[in-house]
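Undergrad: File follows, upload_5.cif with mmCIF, C-alpha atoms:
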data_final
loop_
_atom_site.label_atom_id
_atom_site.label_comp_id
_atom_site.auth_asym_id
_atom_site.auth_seq_id
_atom_site.Cartn_x
_atom_site.Cartn_y
_atom_site.Cartn_z
CA MET A 1 -88.02 286.79 -79.00
CA ASP A 2 -89.20 283.68 -77.24
CA ALA A 3 -91.29 282.68 -80.24
CA VAL A 4 -88.27 283.05 -82.53
CA GLU A 5 -86.11 280.92 -80.20
CA ARG A 6 -88.76 278.25 -80.03
CA TYR A 7 -89.06 278.30 -83.81
CA LEU A 8 -85.30 277.97 -84.27
CA GLU A 9 -85.17 275.21 -81.69
CA SER A 10 -87.93 273.33 -83.45
CA ILE A 11 -86.06 273.62 -86.76
CA GLN A 12 -82.88 272.38 -85.11
CA ASN A 13 -84.71 269.45 -83.54
CA GLU A 14 -86.31 268.60 -86.87
CA MET A 15 -82.94 268.61 -88.60
CA GLY A 16 -81.54 266.36 -85.88
CA PHE A 17 -84.58 264.14 -86.25
CA MET A 18 -83.99 263.72 -89.99
CA GLY A 19 -80.32 263.03 -89.38
CA PHE A 20 -81.15 260.16 -87.02
CA VAL A 21 -83.76 258.83 -89.43
CA GLN A 22 -81.09 258.47 -92.11
CA ASN A 23 -78.74 256.55 -89.77
CA ILE A 24 -81.24 254.16 -88.18
CA PRO A 25 -81.67 250.89 -90.13
CA VAL A 26 -85.18 250.34 -91.50
CA PHE A 27 -87.09 247.61 -89.69
CA ASP A 28 -89.40 245.44 -91.79
CA GLY A 29 -90.63 243.05 -89.12
CA ASN A 30 -87.77 240.50 -88.97
CA SER A 31 -87.64 239.51 -85.33
CA LYS A 32 -83.86 238.97 -85.40
CA ASP A 33 -83.33 242.66 -86.26
CA PHE A 34 -85.82 244.02 -83.74
CA LYS A 35 -83.49 244.53 -80.79
CA GLU A 36 -80.86 246.45 -82.76
CA TRP A 37 -83.53 248.64 -84.37
CA TYR A 38 -85.32 249.34 -81.09
CA LYS A 39 -82.09 250.31 -79.31
CA ALA A 40 -81.19 252.71 -82.12
CA VAL A 41 -84.62 254.35 -81.90
CA ASP A 42 -84.44 254.63 -78.12
CA ARG A 43 -80.95 256.17 -78.23
CA ALA A 44 -82.07 258.76 -80.76
CA ARG A 45 -85.14 259.55 -78.65
CA VAL A 46 -82.97 260.21 -75.58
CA ILE A 47 -80.58 262.44 -77.55
CA LEU A 48 -83.46 264.47 -78.98
CA GLY A 49 -84.83 265.24 -75.53
CA GLY A 50 -86.48 262.02 -74.37
CA ASN A 51 -89.96 262.91 -75.60
CA PRO A 52 -92.05 259.72 -76.00
CA ARG A 53 -93.88 261.20 -78.98
CA THR A 54 -90.52 261.79 -80.70
CA GLY A 55 -89.67 258.14 -80.13
CA VAL A 56 -92.91 257.00 -81.75
CA ARG A 57 -92.24 259.29 -84.72
CA LEU A 58 -88.74 257.84 -85.08
CA ALA A 59 -90.18 254.31 -85.03
CA LEU A 60 -92.71 255.30 -87.68
CA ALA A 61 -90.10 256.93 -89.92
CA THR A 62 -87.71 253.94 -89.75
CA SER A 63 -90.18 251.09 -90.25
CA LYS A 64 -92.17 249.69 -93.14
CA LYS A 65 -94.84 247.18 -94.02
CA ALA A 66 -96.82 245.79 -91.07
CA VAL A 67 -94.58 247.48 -88.50
CA ALA A 68 -95.25 250.93 -89.96
CA ASP A 69 -98.98 250.20 -90.05
CA TYR A 70 -99.00 249.27 -86.36
CA VAL A 71 -96.87 252.27 -85.29
CA SER A 72 -99.08 254.64 -87.32
CA ARG A 73 -102.21 253.23 -85.67
CA PHE A 74 -100.64 253.62 -82.22
CA TYR A 75 -99.51 257.18 -83.01
CA ASN A 76 -102.96 258.24 -84.21
CA GLY A 77 -104.68 256.49 -81.33
CA ASN A 78 -102.69 258.45 -78.75
CA PRO A 79 -102.95 262.10 -79.84
CA GLN A 80 -101.81 263.33 -76.45
CA GLN A 81 -98.61 262.12 -74.82
CA PRO A 82 -98.10 258.38 -75.55
CA ASN A 83 -96.60 256.07 -72.95
CA TRP A 84 -93.16 254.99 -74.18
CA GLU A 85 -92.92 251.97 -71.87
CA HIS A 86 -96.32 250.71 -73.02
CA PHE A 87 -95.37 251.30 -76.65
CA SER A 88 -92.09 249.38 -76.18
CA GLU A 89 -93.86 246.42 -74.59
CA GLN A 90 -96.37 246.28 -77.44
CA LEU A 91 -93.62 246.40 -80.06
CA LEU A 92 -91.68 243.62 -78.33
CA ALA A 93 -94.77 241.44 -78.02
CA ARG A 94 -95.68 241.83 -81.69
CA PHE A 95 -92.35 241.97 -83.54
CA GLY A 96 -89.61 240.99 -81.06
CA GLU A 97 -87.76 237.70 -81.01
CA THR A 98 -89.48 235.55 -78.43
CA LEU A 99 -86.94 233.38 -76.65
CA ASP A 100 -87.64 231.40 -73.52
CA GLN A 101 -85.02 231.71 -70.81
CA ALA A 102 -83.68 228.19 -71.32
CA THR A 103 -83.03 228.78 -75.04
CA ALA A 104 -81.51 232.21 -74.40
CA LEU A 105 -79.25 230.77 -71.69
CA ALA A 106 -78.07 228.01 -74.03
CA LYS A 107 -77.27 230.59 -76.72
CA LEU A 108 -75.51 232.76 -74.16
CA ARG A 109 -73.13 229.98 -73.12
CA LYS A 110 -72.24 229.20 -76.76
CA MET A 111 -71.48 232.77 -77.82
CA LYS A 112 -68.08 233.35 -79.45
CA ARG A 113 -66.26 236.49 -80.47
CA LYS A 114 -66.53 237.15 -84.20
CA PRO A 115 -63.39 237.61 -86.36
CA GLY A 116 -62.24 241.20 -86.12
CA GLU A 117 -64.66 242.00 -83.28
CA SER A 118 -63.28 243.85 -80.28
CA ILE A 119 -63.72 242.44 -76.80
CA GLN A 120 -65.82 245.51 -75.87
CA VAL A 121 -68.36 244.78 -78.62
CA PHE A 122 -68.36 241.09 -77.73
CA ALA A 123 -69.09 241.97 -74.09
CA GLU A 124 -72.02 244.14 -75.18
CA ARG A 125 -73.45 241.26 -77.19
CA LEU A 126 -73.07 239.04 -74.14
CA PHE A 127 -74.88 241.54 -71.95
CA SER A 128 -77.66 241.92 -74.53
CA MET A 129 -78.19 238.16 -74.64
CA GLY A 130 -78.05 238.09 -70.85
CA GLU A 131 -81.06 240.40 -70.78
CA ASN A 132 -83.00 237.67 -72.59
CA ALA A 133 -81.62 234.83 -70.48
CA TYR A 134 -82.25 236.49 -67.11
CA ASP A 135 -84.70 238.95 -65.70
CA GLN A 136 -83.57 242.56 -65.67
CA ALA A 137 -83.45 242.57 -61.88
CA LEU A 138 -81.15 239.51 -61.81
CA LEU A 139 -78.43 240.88 -64.08
CA ALA A 140 -76.68 242.50 -61.12
CA ASN A 141 -76.77 239.26 -59.12
CA PRO A 142 -73.23 237.99 -58.31
CA VAL A 143 -74.06 234.50 -59.59
CA VAL A 144 -75.28 235.87 -62.93
CA GLN A 145 -72.24 238.13 -63.23
CA ARG A 146 -69.90 235.18 -62.63
CA GLU A 147 -71.77 233.29 -65.35
CA LEU A 148 -71.20 236.19 -67.74
CA CYS A 149 -67.51 236.31 -66.75
CA GLN A 150 -67.10 232.61 -67.48
CA THR A 151 -68.79 233.00 -70.88
CA PHE A 152 -66.59 235.99 -71.66
CA LEU A 153 -63.43 233.97 -70.91
CA THR A 154 -64.49 230.94 -72.92
CA GLY A 155 -65.76 232.95 -75.89
CA CYS A 156 -63.33 235.86 -76.23
CA ASN A 157 -60.76 233.68 -78.08
CA GLU A 158 -57.96 235.90 -76.81
CA PRO A 159 -55.33 234.00 -74.77
CA ARG A 160 -53.68 237.21 -73.49
CA VAL A 161 -56.95 238.43 -71.99
CA ALA A 162 -57.74 235.05 -70.43
CA LYS A 163 -54.27 234.75 -68.88
CA ALA A 164 -54.40 238.31 -67.55
CA ILE A 165 -57.73 237.62 -65.85
CA LEU A 166 -56.55 234.31 -64.42
CA LYS A 167 -53.39 235.95 -63.03
CA CYS A 168 -55.36 238.50 -61.01
CA SER A 169 -54.86 238.14 -57.29
CA GLN A 170 -58.58 238.71 -56.84
CA ALA A 171 -60.87 237.16 -59.44
CA PRO A 172 -63.14 239.70 -61.20
CA GLN A 173 -66.72 239.56 -60.02
CA THR A 174 -68.48 241.38 -62.88
CA LEU A 175 -68.40 241.41 -66.65
CA GLU A 176 -67.34 245.06 -66.57
CA GLN A 177 -64.24 244.17 -64.54
CA CYS A 178 -63.30 241.43 -67.04
CA VAL A 179 -63.59 243.89 -69.93
CA ASN A 180 -61.46 246.50 -68.13
CA ILE A 181 -58.71 243.94 -67.45
CA GLY A 182 -58.81 242.77 -71.07
CA VAL A 183 -58.66 246.29 -72.50
CA ARG A 184 -55.74 247.19 -70.24
CA GLU A 185 -53.84 244.02 -71.20
CA LEU A 186 -54.31 244.59 -74.94
CA SER A 187 -53.37 248.26 -74.62
CA LEU A 188 -50.10 247.33 -72.89
CA HIS A 189 -49.37 244.72 -75.52
CA ASN A 190 -49.95 247.21 -78.35
CA ARG A 191 -47.76 249.79 -76.61
CA PHE A 192 -44.89 247.31 -76.20
CA ARG A 193 -45.24 246.22 -79.82
CA ASN A 194 -45.10 249.83 -81.04
CA LEU A 195 -41.94 250.35 -78.98
CA GLY A 196 -40.35 247.34 -80.65
CA LEU A 197 -40.24 245.29 -77.46
CA ILE A 198 -42.45 242.58 -78.96
CA PRO A 199 -41.73 241.03 -82.39
CA ASP A 200 -44.37 241.43 -85.09
CA ARG A 201 -44.84 237.68 -85.21
CA ASP A 202 -46.57 237.93 -81.83
CA ASN A 203 -49.22 240.14 -83.38
CA ASN A 204 -52.64 238.52 -83.09
CA SER A 205 -53.98 239.87 -86.39
CA HIS A 206 -53.10 236.71 -88.32
CA ARG A 207 -55.53 234.75 -86.16
CA GLN A 208 -58.60 236.61 -87.42
CA ASN A 209 -59.14 234.21 -90.33
CA GLU A 210 -58.57 231.11 -88.23
CA PRO A 211 -61.52 229.21 -86.78
CA ASP A 212 -62.43 230.00 -83.23
CA GLU A 213 -60.95 227.70 -80.63
CA PRO A 214 -62.67 227.01 -77.34
CA MET A 215 -61.12 228.85 -74.43
CA ASP A 216 -62.37 226.65 -71.64
CA LEU A 217 -60.53 227.35 -68.39
CA ASP A 218 -59.97 223.65 -67.78
CA MET A 219 -58.43 223.32 -71.25
CA ILE A 220 -56.11 226.26 -70.54
CA ARG A 221 -54.86 224.58 -67.38
CA LEU A 222 -54.46 221.24 -69.15
CA LYS A 223 -52.47 222.84 -72.00
CA ALA A 224 -50.25 224.64 -69.51
CA ALA A 225 -49.61 221.40 -67.66
CA ALA A 226 -48.90 219.56 -70.92
CA SER A 227 -46.38 222.17 -72.07
CA ALA A 228 -44.45 222.03 -68.77
CA PRO A 229 -41.26 219.88 -68.80
CA PRO A 230 -41.79 216.42 -67.33
CA VAL A 231 -40.66 216.03 -63.76
CA ALA A 232 -39.10 212.72 -62.84
CA PRO A 233 -40.85 211.11 -59.90
CA SER A 234 -38.79 210.95 -56.76
CA GLN A 235 -38.23 207.30 -55.95
CA PRO A 236 -35.90 205.77 -53.34
CA PRO A 237 -32.71 204.19 -54.74
CA PRO A 238 -32.91 200.45 -55.29
CA PRO A 239 -31.54 198.36 -52.41
CA VAL A 240 -27.94 197.17 -52.70
CA PRO A 241 -27.88 193.40 -53.12
CA PRO A 242 -25.87 191.51 -50.45
CA PRO A 243 -22.47 190.23 -51.52
CA PRO A 244 -22.35 186.63 -52.67
CA PRO A 245 -21.17 184.06 -50.04
CA THR A 246 -17.44 183.47 -49.98
CA THR A 247 -16.46 179.96 -51.11
CA ILE A 248 -13.17 178.62 -49.76
CA VAL A 249 -11.56 176.09 -52.02
CA HIS A 250 -8.91 173.86 -50.44
CA ASN A 251 -6.28 172.65 -52.86
CA TYR A 252 -4.73 169.51 -51.51
CA ILE A 253 -1.59 167.94 -53.00
CA GLN A 254 -2.46 164.38 -53.70
CA PRO A 255 0.26 161.84 -52.94
CA PRO A 256 1.46 159.66 -55.81
CA ALA A 257 -0.55 156.58 -56.37
CA GLU A 258 0.83 153.31 -55.10
CA PRO A 259 1.60 150.57 -57.57
CA ALA A 260 -0.93 147.92 -58.06
CA ASN A 261 1.23 145.13 -56.42
CA ALA A 262 2.36 146.50 -53.09
CA ASP A 263 3.09 143.17 -51.31
CA TYR A 264 6.82 142.95 -52.02
CA ASP A 265 9.43 144.90 -50.21
CA GLN A 266 10.53 148.03 -51.85
CA THR A 267 13.92 148.09 -50.09
CA PRO A 268 16.68 147.79 -52.63
CA GLU A 269 18.86 144.66 -52.45
CA TYR A 270 22.59 144.96 -52.04
CA ASP A 271 25.22 142.24 -52.53
CA TYR A 272 27.63 142.13 -49.67
CA GLU A 273 30.97 140.30 -50.16
CA TYR A 274 32.80 139.00 -47.13
CA GLU A 275 36.46 138.33 -47.20
#
Before we go any further, please render this structure as structure tokens.
TA:
Amino acid sequence: MDAVERYLESIQNEMGFMGFVQNIPVFDGNSKDFKEWYKAVDRARVILGGNPRTGVRLALATSKKAVADYVSRFYNGNPQQPNWEHFSEQLLARFGETLDQATALAKLRKMKRKPGESIQVFAERLFSMGENAYDQALLANPVVQRELCQTFLTGCNEPRVAKAILKCSQAPQTLEQCVNIGVRELSLHNRFRNLGLIPDRDNNSHRQNEPDEPMDLDMIRLKAAASAPPVAPSQPPPPVPPPPPTTIVHNYIQPPAEPANADYDQTPEYDYEYE
């Protein structure tokens, strides 16, 4: 009975193996596709039981050209139980994209959310690039997490998410917290829109074909300040000028002018008759 169960289990595992082989993209040695291919192989290996030999078989079945030649040589050279960590390091050294930390950090800070991409997928791409920009042990460092949060805000191109994060009484300290706040904000917005509380014109779907705009936090604050109504500066009232001096004008009545010859007597003459 045990032999039959083991046989059936092996058949089931083999069918699952072939199903994963059909879904994993074939890797031909392009370094830009290495990380996605390796993660798909590693996920399938874990689901199928975590056997390192199964992982090597998956890598062999989903590769071609020089990659398949190297994996086949490694598989045949380790007939017992191969070391998965050693195999991963060798694959990365030979076919992975080699980025120095400075270049990876520069790419990390310039990352933007793609049109139609959810903020969850964008956060995963950020975290994946962060693994190249920082050592694995430093990803949990608070300074590195704040750097990832800043990049998430500037690159998500979603004003609702940025405003919701900025309104938090306590600033999020990790990338996971930023994603949770963003997902909750978008879920509430979609619920209100479905209830008819938000007009359709507020839907953000029409912005997918528009070019990405930078979401720098300083620019957000500047735009908010620019949209606020102007406030008149408070200035003291101008001083009241003193009243003009009062001018008193004296109007005198001028006497009539005297005649030019004033030497004769002005008394009228009378003729007196004496009887």
Undergrad: Set out as a tab-separated table a contact list for region 13-61 of chain A and region 73-80 of chain A with a cut-off of 9 Å, giving each residue of region 13-61 of chain A that qualifies its closest atom pair and distance in Å to one decimal, counting only C-alpha atoms, ordered by chain and rising residue number.
TA:
residue	atom	partner	partner_atom	distance
A:Arg53	CA	A:Tyr75	CA	8.0
A:Val56	CA	A:Tyr75	CA	6.7
A:Arg57	CA	A:Tyr75	CA	7.8
A:Leu60	CA	A:Tyr75	CA	8.5
Undergrad: Given the selection you just returned, output its residues as a file containing C-alpha atoms, formatted as an mmCIF file, keeping the file's coordinate frame.
TA:
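Once written, selection-v5.cif looks like this:
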data_model
loop_
_atom_site.group_PDB
_atom_site.id
_atom_site.type_symbol
_atom_site.label_atom_id
_atom_site.label_comp_id
_atom_site.auth_asym_id
_atom_site.auth_seq_id
_atom_site.Cartn_x
_atom_site.Cartn_y
_atom_site.Cartn_z
ATOM 1 C CA ARG A 53 -93.880 261.200 -78.980
ATOM 2 C CA VAL A 56 -92.910 257.000 -81.750
ATOM 3 C CA ARG A 57 -92.240 259.290 -84.720
ATOM 4 C CA LEU A 60 -92.710 255.300 -87.680
#
Undergrad: Determine, for each residue of region 53-120 of chain A having at least one atom at most 12 Å from an atom of region 175-190 of chain A, the closest pair of atoms and their separation in Å to one decimal, counting only C-alpha atoms; order by chain and ascending number, as a Markdown table.
TA:
| residue | atom | partner | partner_atom | distance |
| --- | --- | --- | --- | --- |
| A:Ser118 | CA | A:Val183 | CA | 9.4 |
| A:Ile119 | CA | A:Val179 | CA | 7.0 |
| A:Gln120 | CA | A:Val179 | CA | 6.5 |
Undergrad: Would you put the residues from that selection into a file with C-alpha atoms, as a PDB file, in the coordinates of the input?
TA:
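Ended up saving to out30.pdb:
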ATOM      1  CA  SER A 118     -63.280 243.850 -80.280  1.00  0.00           C
ATOM      2  CA  ILE A 119     -63.720 242.440 -76.800  1.00  0.00           C
ATOM      3  CA  GLN A 120     -65.820 245.510 -75.870  1.00  0.00           C
TER       4      GLN A 120
END
Undergrad: Rank A:Gly116, A:Gly29, A:Gly155, A:Pro52 by their smallest atom-to-atom distance to Ala93 (chain A), using only C-alpha atoms, and report the top residue only.
TA: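 Between A:Gly116, A:Gly29, A:Gly155, A:Pro52, the residue approaching Ala93 (chain A) most closely is A:Gly29.
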Undergrad: Which residues, written as an NGL selection string, have at least one atom at most 6 Å from region 131-134 of chain A, with all atoms listed in the file counted and residues fewer than 5 positions away on the same chain left out?
TA: :A and (101 or 104-105)
Undergrad: By how many Å are CA of Leu108 (chain A) and CA of Glu124 (chain A) apart?
TA: 11.9 Å
Undergrad: Counting only C-alpha atoms, note down every residue that has an atom within 12 Å of the point (-82.7, 252.8, -81.5) (file coordinates), as a ChimeraX atom specification.
TA: /A:20-21,23-27,33-48,54-59,61-63,88
Undergrad: Could you check how far CA of Ala68 (chain A) sits from CA of Gly49 (chain A), in Å to one decimal?
TA: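 Going from CA of Ala68 (chain A) over to CA of Gly49 (chain A) covers 22.8 Å.
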Undergrad: Just so the selection is clear, what residues does the PyMOL selection byres ((chain A and resi 112) around 9) cover here, as a ChimeraX atom specification?
TA: /A:109-111,113-114,122,151-152,154-157,212,214
Undergrad: Next, write the just-selected residues to a file, as a compact mmCIF listing (two decimals), in the frame of the given file, keeping C-alpha atoms as the atom set.
TA:
# COMPACT_ATOMS: atom_id res chain seq x y z
CA ARG A 109 -73.13 229.98 -73.12
CA LYS A 110 -72.24 229.20 -76.76
CA MET A 111 -71.48 232.77 -77.82
CA ARG A 113 -66.26 236.49 -80.47
CA LYS A 114 -66.53 237.15 -84.20
CA PHE A 122 -68.36 241.09 -77.73
CA THR A 151 -68.79 233.00 -70.88
CA PHE A 152 -66.59 235.99 -71.66
CA THR A 154 -64.49 230.94 -72.92
CA GLY A 155 -65.76 232.95 -75.89
CA CYS A 156 -63.33 235.86 -76.23
CA ASN A 157 -60.76 233.68 -78.08
CA ASP A 212 -62.43 230.00 -83.23
CA PRO A 214 -62.67 227.01 -77.34
Undergrad: Interatomic distance between CA of Ala106 (chain A) and CA of Ala164 (chain A)?
TA: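 So the answer is 26.6 Å.
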Undergrad: Taking all atoms listed in the file into account, which of A:Gln173, A:Glu117, A:Val71, A:Phe87 comes nearest Val143 (chain A)?
TA: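 Result for the nearest residue to Val143 (chain A): A:Gln173.
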Undergrad: Mind working out the centre and edge lengths of an axis-aligned box for region 47-52 of chain A, all listed atoms inside, 3 Å added to each side, rounded to one decimal in Å and written as JSON?
TA:
{"center_x": -86.3, "center_y": 262.5, "center_z": -76.7, "size_x": 17.5, "size_y": 11.5, "size_z": 10.6}
